[in-house]
Amino acid sequence: MRYKFHRCLTALLLSGTISVAQTLTVKVNTPQHTVQPTMWGIFFEDINFSADGGIYAELVKNRSFEFAQPLQGWKVIRDANAGKVLIVNRAPENAANPRYAHITTTGSFGLFNEGFRGMGFKKGETYNFSILAGNTTGDITIKVVLLNDKGTAIGSATVGTPGKDWKSYTASITASETVAKGGLQVFFEGKGSVDADMLSLFPANTWKQRPGGLRSDLVQLLADLHPGFVRFPGGCIVEGKDLVNRYQWKKTVGPVEDRTLIVNRWNTEFPYRAPGDYYQSYGLGFYEYFQLAEDIGAEPLPILNCGMACQFNTGEVAADEDVNNYIQDALDLIEFANAGTDTKWGKLRADMGHPRPFNLKMIGVGNEQWDSQYIVRYKMWETALKTKHPEIKLVSSVGPSPDDERFRYGWSQLKDSKADLVDEHYYMAPDWFLQNASRYDNYDRKAPHIFAGEYAAHIKDKEKDQPESRNTWGSALAEAAFMTGLERNADVVNMASYAPLLAHVDAWQWRPDLIWFDNLRSVGTPNYYVQKLFANYKGTNTVPVLEKGKALTGQDSIYASATIDAAKHQLLLKVVNVSTAVRPYKIQLEGATTTKEAAVQQLLTAADKLAINTLDEPSLVAPRQQKLTVTKNSASVTLQPSSVNVFVIPYK
């Protein structure tokens, strides 16, 4: 019997199903690099209906009739000859919001709005409607009705009787049903005419209950990441297909009715995923971005157009003599964010509700630009901003690839610059991430530091029905392995963010994405939970974690990094097992002993590397916590196959 046991054990060892425990030595008393508070952050871009139709909680599409087709998203509801709608353009009078609807009615005339792939309503919750109306003749009363997906009313309210002067009128409606794809009817009843603009509907339950605010469940998912920074507003959104349609922050602040809507560049970027109704209302503008960053305890990182349109599209550039206008926009943004209320832009910030400065510390110069035209413009920015605002860190670009001619040229020009951070992007296959866990081990420590501004492991699949099918556990596992290398090199890598952040399941253009949502629900992907584990257990200083005297960068399919939280006296050891075998390990603390406080293991794993989280199954791949038994200065642990493990060990 003993012979059979030993023979079976030998067979298991040879097959790799189990293995002899190895020792991971963690030198707790040898802190190496400071982990920046900004180490793990988030990158927001208005792609995949992330803003309008997403985190910006407005439910009405084309609320001010400014789409290229003024009534896109609207349908007329009327009895025979009961009225009509005429779209009026007053561009000379109001260039930012030129159009409004002139409505004539002889009984009951209505408009139906379809929302962003429908409107989501929750039973028992309140929805606040508002409308700008004026120039009324006759006797007109405005009523609003919420509809379910079958066209049945599930709530209604009378708004009021508008007068001659333009004025905002409001009403609150409580939904009697939960519905994911409802709609809104607005009726103008009586005889006469009225002008109407900014027809709007928001849930009362927005983030921090702010009127006209953000969708609370999506912001909560972001807050739960405890990000160190928020990079906004993009991304390719910053550049525009041409300079006329670039992102201009000054057009996104002030009263929402005075912000200039433009078409979203992702509206037609990919013909096979062209939505045709994708615009930027800028209800979510730079003020709201700053406010969001402040709300979730993150540093704001605005990215500004440097005088270049997207090089994948027109490649248009501003003339050299005009670049100073773009630089002035940056100087004005610093004033908006940081200056006193006695300045032009500081006063606007205060008028919008935030007298205190936002404490902006960094700015990105361009998004994903490359070649000599970018370097010329970047150096103009560097000269001006480092002279007038040396306290502001500058983030520069080396293009869209992790290693090509554009990348190498950019680094050759920026290596000796005054750039504080260089933004590197990697959208690559999972194997690339596994093979590049040691990418920064030998980077020049005297060169600018690294911002891993956009990364995601991209896989090919069988185009499953679920849009989330690219966010597999296998892709998340590869990212986790790579992130141990980012953390281990925290003296070089100061910031990192997955991209893109959000995607609507019915209106996406790009995948994979960190968080998916519909009109009512949202779900964190396996990739989201990897980000959350690293960000929530960030630590303050890196410490060496070694096996046989070497860092684990993929030997035997094991990747590891370790930090300590000096204030909490915790060791935060991250170990990623990308193999299909169970791996026993002994964790040996060097220079410290454990305390009587509870030690835990956060485990993220799945048997199937193609496993995904969906809106219907949101927790298929999610962390679970288990107790960890420790002795005086060691612990025996088991790494499950295909697993991300965070060991939290109190020490003294």
# chains A, B, ... in the order shown; residues from 1 in each chain; ligands from 1
>>> closest_atom_pairs(of="region 136-238 of chain A", to="region 102-120 of chain A", cutoff="6 Å", atoms="only C-alpha atoms", output="Markdown table")
| residue | atom | partner | partner_atom | distance |
| --- | --- | --- | --- | --- |
| A:Val179 | CA | A:Gly120 | CA | 5.7 |
| A:Ala180 | CA | A:Gly120 | CA | 4.2 |
| A:Lys181 | CA | A:Gly118 | CA | 4.0 |
| A:Gly182 | CA | A:Met119 | CA | 4.7 |
| A:Gly183 | CA | A:Glu114 | CA | 5.1 |
| A:Leu184 | CA | A:Asn113 | CA | 5.3 |
| A:Gln185 | CA | A:Phe112 | CA | 4.4 |
| A:Val186 | CA | A:Leu111 | CA | 5.2 |
| A:Phe187 | CA | A:Gly110 | CA | 4.1 |
| A:Phe188 | CA | A:Phe109 | CA | 5.2 |
| A:Glu189 | CA | A:Ser108 | CA | 4.4 |
| A:Gly190 | CA | A:Gly107 | CA | 4.9 |
| A:Lys191 | CA | A:Thr106 | CA | 4.4 |
| A:Gly192 | CA | A:Thr105 | CA | 5.7 |
| A:Ser193 | CA | A:Thr104 | CA | 4.3 |
| A:Val194 | CA | A:Ile103 | CA | 5.4 |
| A:Asp195 | CA | A:His102 | CA | 4.5 |
>>> select_by_dssp(residues="region 332-487 of chain A", states="strand (DSSP E)", output="list in words")
Met362, Ile363, Gly364, Val365, Lys393, Leu394, Val395, Ser396, Ser397, Leu421, Val422, Asp423, Glu424, His425, Tyr426, Tyr427, Met428, His449, Ile450, Phe451, Ala452, Gly453, Glu454, Tyr455, Ala456 and Ala457 of chain A
>>> residues_around(residues="region 159-175 of chain A", least_positions_apart="5", cutoff="12 Å", atoms="only C-alpha atoms", output="VMD selection string")
chain A and resid 100 119 to 148 152 to 154 182 to 184 186 to 190 192 to 205 211 257
>>> atom_distance(atom1="CA of Ile87 (chain A)", atom2="CA of Pro70 (chain A)")
7.2 Å
>>> closest_residue(among="A:Gly73, A:Pro400, A:Gly285, A:Gly54", to="Asp506 (chain A)", atoms="only C-alpha atoms")
A:Gly54
>>> closest_residue(among="A:Thr158, A:Gln69, A:Asn97, A:Asn359", to="Gly297 (chain A)", atoms="only C-alpha atoms")
A:Asn359
>>> residues_around(residues="region 228-237 of chain A", least_positions_apart="5", cutoff="8 Å", atoms="only C-alpha atoms", output="list in words")
Pro37, Thr38, Met39, Trp40, Gly41, Ile42, Phe43, Phe44, Glu45, Asp46, Arg246, Tyr247, Asn264, Arg265, Tyr289, Ala293, Gly297, Ala298, Glu299, Pro300, Leu301, Pro302, Ile303, Cys310, Asn367 and Glu368 of chain A
>>> closest_residue(among="A:Arg624, A:Arg90, A:His226, A:Arg439", to="Pro402 (chain A)", atoms="only C-alpha atoms")
A:Arg439
